[in-house]
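S.K.: Sharing protein.cif below, mmCIF, C-alpha atoms:
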data_work
#
loop_
_atom_site.group_PDB
_atom_site.id
_atom_site.type_symbol
_atom_site.label_atom_id
_atom_site.label_comp_id
_atom_site.auth_asym_id
_atom_site.auth_seq_id
_atom_site.Cartn_x
_atom_site.Cartn_y
_atom_site.Cartn_z
ATOM 1 C CA GLU W 1 8.336 -23.227 1.797
ATOM 2 C CA ALA W 2 7.209 -24.006 5.345
ATOM 3 C CA GLN W 3 10.753 -23.423 6.614
ATOM 4 C CA ALA W 4 10.889 -20.029 4.878
ATOM 5 C CA LEU W 5 7.592 -19.012 6.456
ATOM 6 C CA LEU W 6 8.781 -20.160 9.866
ATOM 7 C CA ARG W 7 11.994 -18.122 9.513
ATOM 8 C CA GLU W 8 9.964 -15.055 8.500
ATOM 9 C CA ALA W 9 7.600 -15.407 11.459
ATOM 10 C CA SER W 10 10.513 -15.952 13.849
ATOM 11 C CA ARG W 11 12.234 -12.796 12.566
ATOM 12 C CA VAL W 12 9.063 -10.783 13.174
ATOM 13 C CA LEU W 13 8.573 -12.122 16.693
ATOM 14 C CA ALA W 14 12.233 -11.637 17.626
ATOM 15 C CA ASP W 15 12.476 -8.039 16.367
ATOM 16 C CA ALA W 16 12.782 -5.802 19.443
ATOM 17 C CA SER W 17 11.307 -2.813 17.581
ATOM 18 C CA LEU W 18 8.037 -4.764 17.245
ATOM 19 C CA ALA W 19 7.755 -5.793 20.906
ATOM 20 C CA HIS W 20 4.925 -3.304 21.540
ATOM 21 C CA VAL W 21 2.811 -5.109 18.917
ATOM 22 C CA PHE W 22 3.066 -8.398 20.789
ATOM 23 C CA VAL W 23 2.587 -7.141 24.337
ATOM 24 C CA PRO W 24 0.753 -9.407 26.765
ATOM 25 C CA GLY W 25 -2.870 -8.334 26.829
ATOM 26 C CA GLY W 26 -2.935 -7.553 23.118
ATOM 27 C CA PHE W 27 -5.566 -9.362 21.090
ATOM 28 C CA ALA W 28 -5.069 -11.571 18.029
ATOM 29 C CA GLU W 29 -7.552 -12.207 15.204
ATOM 30 C CA VAL W 30 -10.256 -9.839 16.449
ATOM 31 C CA ASP W 31 -13.481 -10.108 14.471
ATOM 32 C CA ILE W 32 -15.107 -6.759 13.763
ATOM 33 C CA ALA W 33 -18.401 -5.762 12.182
ATOM 34 C CA ALA W 34 -19.969 -2.336 11.799
ATOM 35 C CA ASN W 35 -22.251 -0.201 9.710
ATOM 36 C CA LEU W 36 -20.211 2.688 8.364
ATOM 37 C CA PRO W 37 -21.833 6.049 7.636
ATOM 38 C CA GLU W 38 -18.705 6.789 5.560
ATOM 39 C CA LEU W 39 -19.883 4.037 3.207
ATOM 40 C CA GLY W 40 -23.531 5.044 3.084
ATOM 41 C CA GLY W 41 -24.363 2.808 6.033
ATOM 42 C CA ARG W 42 -22.948 -0.312 4.388
ATOM 43 C CA SER W 43 -21.810 -3.082 6.681
ATOM 44 C CA ILE W 44 -18.258 -4.320 6.946
ATOM 45 C CA LEU W 45 -17.011 -7.549 8.416
ATOM 46 C CA GLY W 46 -13.355 -8.335 8.972
ATOM 47 C CA ALA W 47 -10.673 -9.690 11.272
ATOM 48 C CA ILE W 48 -7.989 -7.443 12.707
ATOM 49 C CA ASP W 49 -4.745 -9.407 13.000
ATOM 50 C CA ARG W 50 -3.557 -7.637 16.152
ATOM 51 C CA LEU W 51 -5.353 -5.127 18.394
ATOM 52 C CA ILE W 52 -3.611 -3.262 21.186
ATOM 53 C CA LEU W 53 -5.772 -1.245 23.585
ATOM 54 C CA THR W 54 -4.537 1.339 26.062
ATOM 55 C CA GLU W 55 -6.427 3.823 28.225
ATOM 56 C CA SER W 56 -6.150 6.457 25.506
ATOM 57 C CA SER W 57 -5.516 4.664 22.210
ATOM 58 C CA VAL W 58 -6.330 1.739 19.979
ATOM 59 C CA LEU W 59 -3.761 0.287 17.583
ATOM 60 C CA ALA W 60 -4.988 -2.019 14.824
ATOM 61 C CA VAL W 61 -2.238 -3.922 13.027
ATOM 62 C CA ASP W 62 -2.673 -6.061 9.950
ATOM 63 C CA TYR W 63 0.054 -8.463 8.807
ATOM 64 C CA LYS W 64 0.946 -8.467 5.125
ATOM 65 C CA SER W 65 3.362 -10.905 3.523
ATOM 66 C CA ASN W 66 3.817 -9.031 0.248
ATOM 67 C CA ALA W 67 7.191 -9.786 -1.334
ATOM 68 C CA LEU W 68 7.428 -6.182 -2.519
ATOM 69 C CA VAL W 69 7.066 -3.877 0.469
ATOM 70 C CA PRO W 70 5.920 -0.325 -0.347
ATOM 71 C CA ALA W 71 8.461 2.375 0.501
ATOM 72 C CA THR W 72 5.887 4.779 1.955
ATOM 73 C CA PRO W 73 2.288 4.631 3.170
ATOM 74 C CA GLN W 74 1.273 6.490 -0.001
ATOM 75 C CA ASP W 75 2.563 3.508 -2.008
ATOM 76 C CA VAL W 76 0.396 0.964 -0.146
ATOM 77 C CA PRO W 77 -2.132 -0.667 -2.482
ATOM 78 C CA GLU W 78 -5.539 1.026 -2.416
ATOM 79 C CA GLY W 79 -7.345 -2.130 -1.307
ATOM 80 C CA ILE W 80 -5.194 -2.405 1.809
ATOM 81 C CA LEU W 81 -5.726 1.279 2.597
ATOM 82 C CA ARG W 82 -9.495 0.834 2.265
ATOM 83 C CA GLN W 83 -9.410 -2.236 4.500
ATOM 84 C CA MET W 84 -7.502 -0.389 7.206
ATOM 85 C CA ALA W 85 -9.710 2.693 6.807
ATOM 86 C CA ALA W 86 -12.805 0.558 7.367
ATOM 87 C CA TYR W 87 -11.236 -0.961 10.471
ATOM 88 C CA ALA W 88 -10.354 2.509 11.786
ATOM 89 C CA ALA W 89 -13.897 3.801 11.171
ATOM 90 C CA ALA W 90 -15.414 0.789 12.929
ATOM 91 C CA LEU W 91 -13.032 1.091 15.875
ATOM 92 C CA ALA W 92 -13.840 4.807 16.195
ATOM 93 C CA GLN W 93 -17.472 3.810 16.779
ATOM 94 C CA LEU W 94 -16.473 1.309 19.465
ATOM 95 C CA TYR W 95 -13.900 3.527 21.169
ATOM 96 C CA PRO W 96 -15.020 7.141 20.640
ATOM 97 C CA ASP W 97 -12.912 8.371 23.571
ATOM 98 C CA ARG W 98 -9.597 6.952 22.287
ATOM 99 C CA SER W 99 -7.282 7.835 19.439
ATOM 100 C CA ILE W 100 -7.375 5.252 16.659
ATOM 101 C CA GLU W 101 -4.130 4.231 14.986
ATOM 102 C CA THR W 102 -3.531 1.714 12.232
ATOM 103 C CA ALA W 103 -0.397 0.099 10.872
ATOM 104 C CA ILE W 104 0.709 -2.617 8.496
ATOM 105 C CA LEU W 105 3.289 -5.121 9.659
ATOM 106 C CA TRP W 106 5.177 -6.147 6.525
ATOM 107 C CA THR W 107 6.463 -9.580 7.469
ATOM 108 C CA ALA W 108 9.028 -9.853 4.674
ATOM 109 C CA THR W 109 11.167 -7.014 6.031
ATOM 110 C CA PRO W 110 9.890 -6.899 9.057
ATOM 111 C CA VAL W 111 8.673 -3.299 9.214
ATOM 112 C CA LEU W 112 5.731 -1.732 11.018
ATOM 113 C CA MET W 113 4.315 1.026 8.811
ATOM 114 C CA PRO W 114 1.899 3.418 10.549
ATOM 115 C CA LEU W 115 -0.825 4.682 8.220
ATOM 116 C CA PRO W 116 -1.661 8.401 8.404
ATOM 117 C CA PRO W 117 -5.340 9.046 9.219
ATOM 118 C CA ALA W 118 -5.689 11.497 6.311
ATOM 119 C CA LEU W 119 -4.550 8.799 3.878
ATOM 120 C CA LEU W 120 -7.155 6.394 5.245
ATOM 121 C CA THR W 121 -9.898 9.013 5.123
ATOM 122 C CA ALA W 122 -9.093 9.672 1.468
ATOM 123 C CA ALA W 123 -9.076 5.939 0.665
ATOM 124 C CA LEU W 124 -12.497 5.447 2.226
ATOM 125 C CA ALA W 125 -13.886 8.553 0.512
ATOM 126 C CA ALA W 126 -12.724 7.143 -2.844
ATOM 127 C CA VAL W 127 -14.955 4.072 -2.516
ATOM 128 C CA SER W 128 -17.667 4.363 -5.168
ATOM 129 C CA LEU W 129 -21.125 3.653 -3.850
ATOM 130 C CA PRO W 130 -24.006 2.500 -6.029
#
Hey, can you dump this file as structure tokens for me?

M.R.:
Amino acid sequence: EAQALLREASRVLADASLAHVFVPGGFAEVDIAANLPELGGRSILGAIDRLILTESSVLAVDYKSNALVPATPQDVPEGILRQMAAYAAALAQLYPDRSIETAILWTATPVLMPLPPALLTAALAAVSLP
């Protein structure tokens, strides 16, 4: 099993189409906490797997090792969409002058799947609050 995981990780790191995710100066395992008005002021706490900052944008990437990779962002499990939506909302508070982008890096394929902001907004709005 360890060999299979090593092969998967090596494939991800060697994929030229993913080079922008692993640029020098990117950040790994970034802890984030925020109070989100979108969730009635509830607090979130998480760790963003990869964070890439530029002068004008922020890209938050989460790695997922699901064996079955969704075909489209609309097919991504709701829990993952809510997680990424919470990250995006928190990052928007920290970087109000930059565009916020999110994506899932499916390690099994390897494919980087950008998540449309409208999809994330809908996922966060669907959270039921007490």

S.K.: With 12 Å as the cut-off and only C-alpha atoms counted, what is the closest atom pair between each nearby residue of segment 20-92 of chain W and segment 7-11 of chain W? Distances in Å to one decimal, ordered by chain and number, as JSON lines.

M.R.:
{"residue": "W:Tyr63", "atom": "CA", "partner": "W:Ala9", "partner_atom": "CA", "distance": 10.6}
{"residue": "W:Lys64", "atom": "CA", "partner": "W:Ala9", "partner_atom": "CA", "distance": 11.5}
{"residue": "W:Ser65", "atom": "CA", "partner": "W:Glu8", "partner_atom": "CA", "distance": 9.3}
{"residue": "W:Asn66", "atom": "CA", "partner": "W:Glu8", "partner_atom": "CA", "distance": 11.9}
{"residue": "W:Ala67", "atom": "CA", "partner": "W:Glu8", "partner_atom": "CA", "distance": 11.5}

S.K.: Between W:Ile52, W:Glu78, W:Val111, W:Ala47, which is the closest to Arg98 of chain W once you count all atoms listed in the file?

M.R.: W:Ile52

S.K.: Expand the PyMOL selection byres ((chain W and resi 58) around 7) into the explicit residue set it covers here, and present it as number ranges by chain.

M.R.: W: 52-54, 57, 59-60, 98-101

S.K.: Could you list the residues chosen by the PyMOL selection byres ((chain W and resi 88) around 12) in this structure as a PyMOL selection string?

M.R.: chain W and resi 32-34+36+38+44+46+48+51+57-62+81-87+89-96+98-103+115-121+123-124

S.K.: As AutoDock Vina command-line options, what would the box around segment 30-38 of chain W look like: edges along x, y and z, 3 Å added on every side, centre and edge lengths in Å to one decimal?

M.R.:
--center_x -16.3 --center_y -1.7 --center_z 11.0 --size_x 18.0 --size_y 22.9 --size_z 16.9

S.K.: What is the atom CA of Leu39 of chain W-atom CA of Pro114 of chain W distance in Å, reported with one decimal?

M.R.: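 Value for the atom CA of Leu39 of chain W-atom CA of Pro114 of chain W distance: 23.0 Å.
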
S.K.: When you count only C-alpha atoms, which of these residues is closest to Asp75 of chain W: W:Met113, W:Val127, W:Leu105, W:Val21?

M.R.: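 Answer, going by the shortest atom-to-atom distance: W:Met113.
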
S.K.: Do you have the atom CA of Trp106 of chain W-atom CA of Arg50 of chain W distance handy?

M.R.: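 Spanning atom CA of Trp106 of chain W to atom CA of Arg50 of chain W is a straight-line distance of 13.1 Å.
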
S.K.: Have a look at atom CA of Pro70 of chain W and atom CA of Thr109 of chain W and let me know their distance in Å, one decimal.

M.R.: 10.6 Å

S.K.: Only N, CA and C atoms, as a PDB file, in the first residue's frame: that is what I want for segment 41-71 of chain W.

M.R.:
ATOM      1  N   GLY W  41     -22.243  33.686  11.681  1.00  0.00           N
ATOM      2  CA  GLY W  41     -21.154  34.051  12.572  1.00  0.00           C
ATOM      3  C   GLY W  41     -20.436  32.866  13.191  1.00  0.00           C
ATOM      4  N   ARG W  42     -20.798  31.656  12.783  1.00  0.00           N
ATOM      5  CA  ARG W  42     -20.111  30.474  13.320  1.00  0.00           C
ATOM      6  C   ARG W  42     -18.643  30.490  12.922  1.00  0.00           C
ATOM      7  N   SER W  43     -17.842  29.873  13.761  1.00  0.00           N
ATOM      8  CA  SER W  43     -16.408  29.781  13.505  1.00  0.00           C
ATOM      9  C   SER W  43     -16.094  28.526  12.708  1.00  0.00           C
ATOM     10  N   ILE W  44     -15.075  28.648  11.872  1.00  0.00           N
ATOM     11  CA  ILE W  44     -14.542  27.475  11.177  1.00  0.00           C
ATOM     12  C   ILE W  44     -13.060  27.390  11.502  1.00  0.00           C
ATOM     13  N   LEU W  45     -12.566  26.191  11.439  1.00  0.00           N
ATOM     14  CA  LEU W  45     -11.145  25.929  11.643  1.00  0.00           C
ATOM     15  C   LEU W  45     -10.772  24.829  10.670  1.00  0.00           C
ATOM     16  N   GLY W  46      -9.715  25.031   9.911  1.00  0.00           N
ATOM     17  CA  GLY W  46      -9.311  24.023   8.942  1.00  0.00           C
ATOM     18  C   GLY W  46      -7.857  24.179   8.561  1.00  0.00           C
ATOM     19  N   ALA W  47      -7.433  23.341   7.625  1.00  0.00           N
ATOM     20  CA  ALA W  47      -6.074  23.394   7.087  1.00  0.00           C
ATOM     21  C   ALA W  47      -6.169  23.268   5.572  1.00  0.00           C
ATOM     22  N   ILE W  48      -5.701  24.291   4.897  1.00  0.00           N
ATOM     23  CA  ILE W  48      -5.689  24.301   3.433  1.00  0.00           C
ATOM     24  C   ILE W  48      -4.419  23.578   2.990  1.00  0.00           C
ATOM     25  N   ASP W  49      -4.582  22.560   2.142  1.00  0.00           N
ATOM     26  CA  ASP W  49      -3.436  21.743   1.746  1.00  0.00           C
ATOM     27  C   ASP W  49      -2.378  22.550   1.002  1.00  0.00           C
ATOM     28  N   ARG W  50      -2.815  23.423   0.108  1.00  0.00           N
ATOM     29  CA  ARG W  50      -1.859  24.221  -0.673  1.00  0.00           C
ATOM     30  C   ARG W  50      -2.482  25.588  -0.924  1.00  0.00           C
ATOM     31  N   LEU W  51      -1.705  26.645  -0.684  1.00  0.00           N
ATOM     32  CA  LEU W  51      -2.179  28.018  -0.870  1.00  0.00           C
ATOM     33  C   LEU W  51      -1.165  28.753  -1.723  1.00  0.00           C
ATOM     34  N   ILE W  52      -1.645  29.310  -2.823  1.00  0.00           N
ATOM     35  CA  ILE W  52      -0.786  30.044  -3.743  1.00  0.00           C
ATOM     36  C   ILE W  52      -1.295  31.482  -3.798  1.00  0.00           C
ATOM     37  N   LEU W  53      -0.431  32.415  -3.418  1.00  0.00           N
ATOM     38  CA  LEU W  53      -0.781  33.835  -3.397  1.00  0.00           C
ATOM     39  C   LEU W  53      -0.056  34.560  -4.522  1.00  0.00           C
ATOM     40  N   THR W  54      -0.807  35.406  -5.229  1.00  0.00           N
ATOM     41  CA  THR W  54      -0.194  36.328  -6.187  1.00  0.00           C
ATOM     42  C   THR W  54      -0.648  37.735  -5.805  1.00  0.00           C
ATOM     43  N   GLU W  55      -0.190  38.717  -6.549  1.00  0.00           N
ATOM     44  CA  GLU W  55      -0.582  40.104  -6.279  1.00  0.00           C
ATOM     45  C   GLU W  55      -2.090  40.296  -6.380  1.00  0.00           C
ATOM     46  N   SER W  56      -2.736  39.511  -7.248  1.00  0.00           N
ATOM     47  CA  SER W  56      -4.158  39.744  -7.501  1.00  0.00           C
ATOM     48  C   SER W  56      -5.073  38.572  -7.151  1.00  0.00           C
ATOM     49  N   SER W  57      -4.502  37.417  -6.801  1.00  0.00           N
ATOM     50  CA  SER W  57      -5.363  36.259  -6.562  1.00  0.00           C
ATOM     51  C   SER W  57      -4.840  35.360  -5.454  1.00  0.00           C
ATOM     52  N   VAL W  58      -5.752  34.539  -4.972  1.00  0.00           N
ATOM     53  CA  VAL W  58      -5.448  33.519  -3.977  1.00  0.00           C
ATOM     54  C   VAL W  58      -6.032  32.213  -4.506  1.00  0.00           C
ATOM     55  N   LEU W  59      -5.224  31.178  -4.554  1.00  0.00           N
ATOM     56  CA  LEU W  59      -5.693  29.856  -4.965  1.00  0.00           C
ATOM     57  C   LEU W  59      -5.535  28.898  -3.799  1.00  0.00           C
ATOM     58  N   ALA W  60      -6.664  28.350  -3.349  1.00  0.00           N
ATOM     59  CA  ALA W  60      -6.659  27.340  -2.288  1.00  0.00           C
ATOM     60  C   ALA W  60      -6.931  25.989  -2.930  1.00  0.00           C
ATOM     61  N   VAL W  61      -6.021  25.052  -2.697  1.00  0.00           N
ATOM     62  CA  VAL W  61      -6.132  23.713  -3.277  1.00  0.00           C
ATOM     63  C   VAL W  61      -6.211  22.704  -2.143  1.00  0.00           C
ATOM     64  N   ASP W  62      -7.148  21.789  -2.259  1.00  0.00           N
ATOM     65  CA  ASP W  62      -7.235  20.696  -1.298  1.00  0.00           C
ATOM     66  C   ASP W  62      -6.997  19.397  -2.054  1.00  0.00           C
ATOM     67  N   TYR W  63      -6.197  18.504  -1.478  1.00  0.00           N
ATOM     68  CA  TYR W  63      -5.920  17.212  -2.101  1.00  0.00           C
ATOM     69  C   TYR W  63      -6.986  16.225  -1.656  1.00  0.00           C
ATOM     70  N   LYS W  64      -7.485  15.449  -2.594  1.00  0.00           N
ATOM     71  CA  LYS W  64      -8.443  14.391  -2.274  1.00  0.00           C
ATOM     72  C   LYS W  64      -7.981  13.117  -2.960  1.00  0.00           C
ATOM     73  N   SER W  65      -8.000  12.027  -2.213  1.00  0.00           N
ATOM     74  CA  SER W  65      -7.529  10.743  -2.729  1.00  0.00           C
ATOM     75  C   SER W  65      -8.675   9.787  -3.053  1.00  0.00           C
ATOM     76  N   ASN W  66      -9.866  10.341  -3.285  1.00  0.00           N
ATOM     77  CA  ASN W  66     -11.009   9.493  -3.607  1.00  0.00           C
ATOM     78  C   ASN W  66     -10.689   8.569  -4.780  1.00  0.00           C
ATOM     79  N   ALA W  67     -11.081   7.318  -4.672  1.00  0.00           N
ATOM     80  CA  ALA W  67     -10.865   6.365  -5.763  1.00  0.00           C
ATOM     81  C   ALA W  67     -11.761   6.704  -6.945  1.00  0.00           C
ATOM     82  N   LEU W  68     -12.977   7.151  -6.659  1.00  0.00           N
ATOM     83  CA  LEU W  68     -13.898   7.579  -7.706  1.00  0.00           C
ATOM     84  C   LEU W  68     -13.854   9.102  -7.801  1.00  0.00           C
ATOM     85  N   VAL W  69     -13.314   9.591  -8.902  1.00  0.00           N
ATOM     86  CA  VAL W  69     -13.168  11.029  -9.099  1.00  0.00           C
ATOM     87  C   VAL W  69     -14.401  11.550  -9.822  1.00  0.00           C
ATOM     88  N   PRO W  70     -15.063  12.572  -9.270  1.00  0.00           N
ATOM     89  CA  PRO W  70     -16.247  13.135  -9.922  1.00  0.00           C
ATOM     90  C   PRO W  70     -15.893  13.669 -11.311  1.00  0.00           C
ATOM     91  N   ALA W  71     -16.844  13.544 -12.235  1.00  0.00           N
ATOM     92  CA  ALA W  71     -16.615  13.997 -13.608  1.00  0.00           C
ATOM     93  C   ALA W  71     -16.668  15.513 -13.727  1.00  0.00           C
TER      94      ALA W  71
END
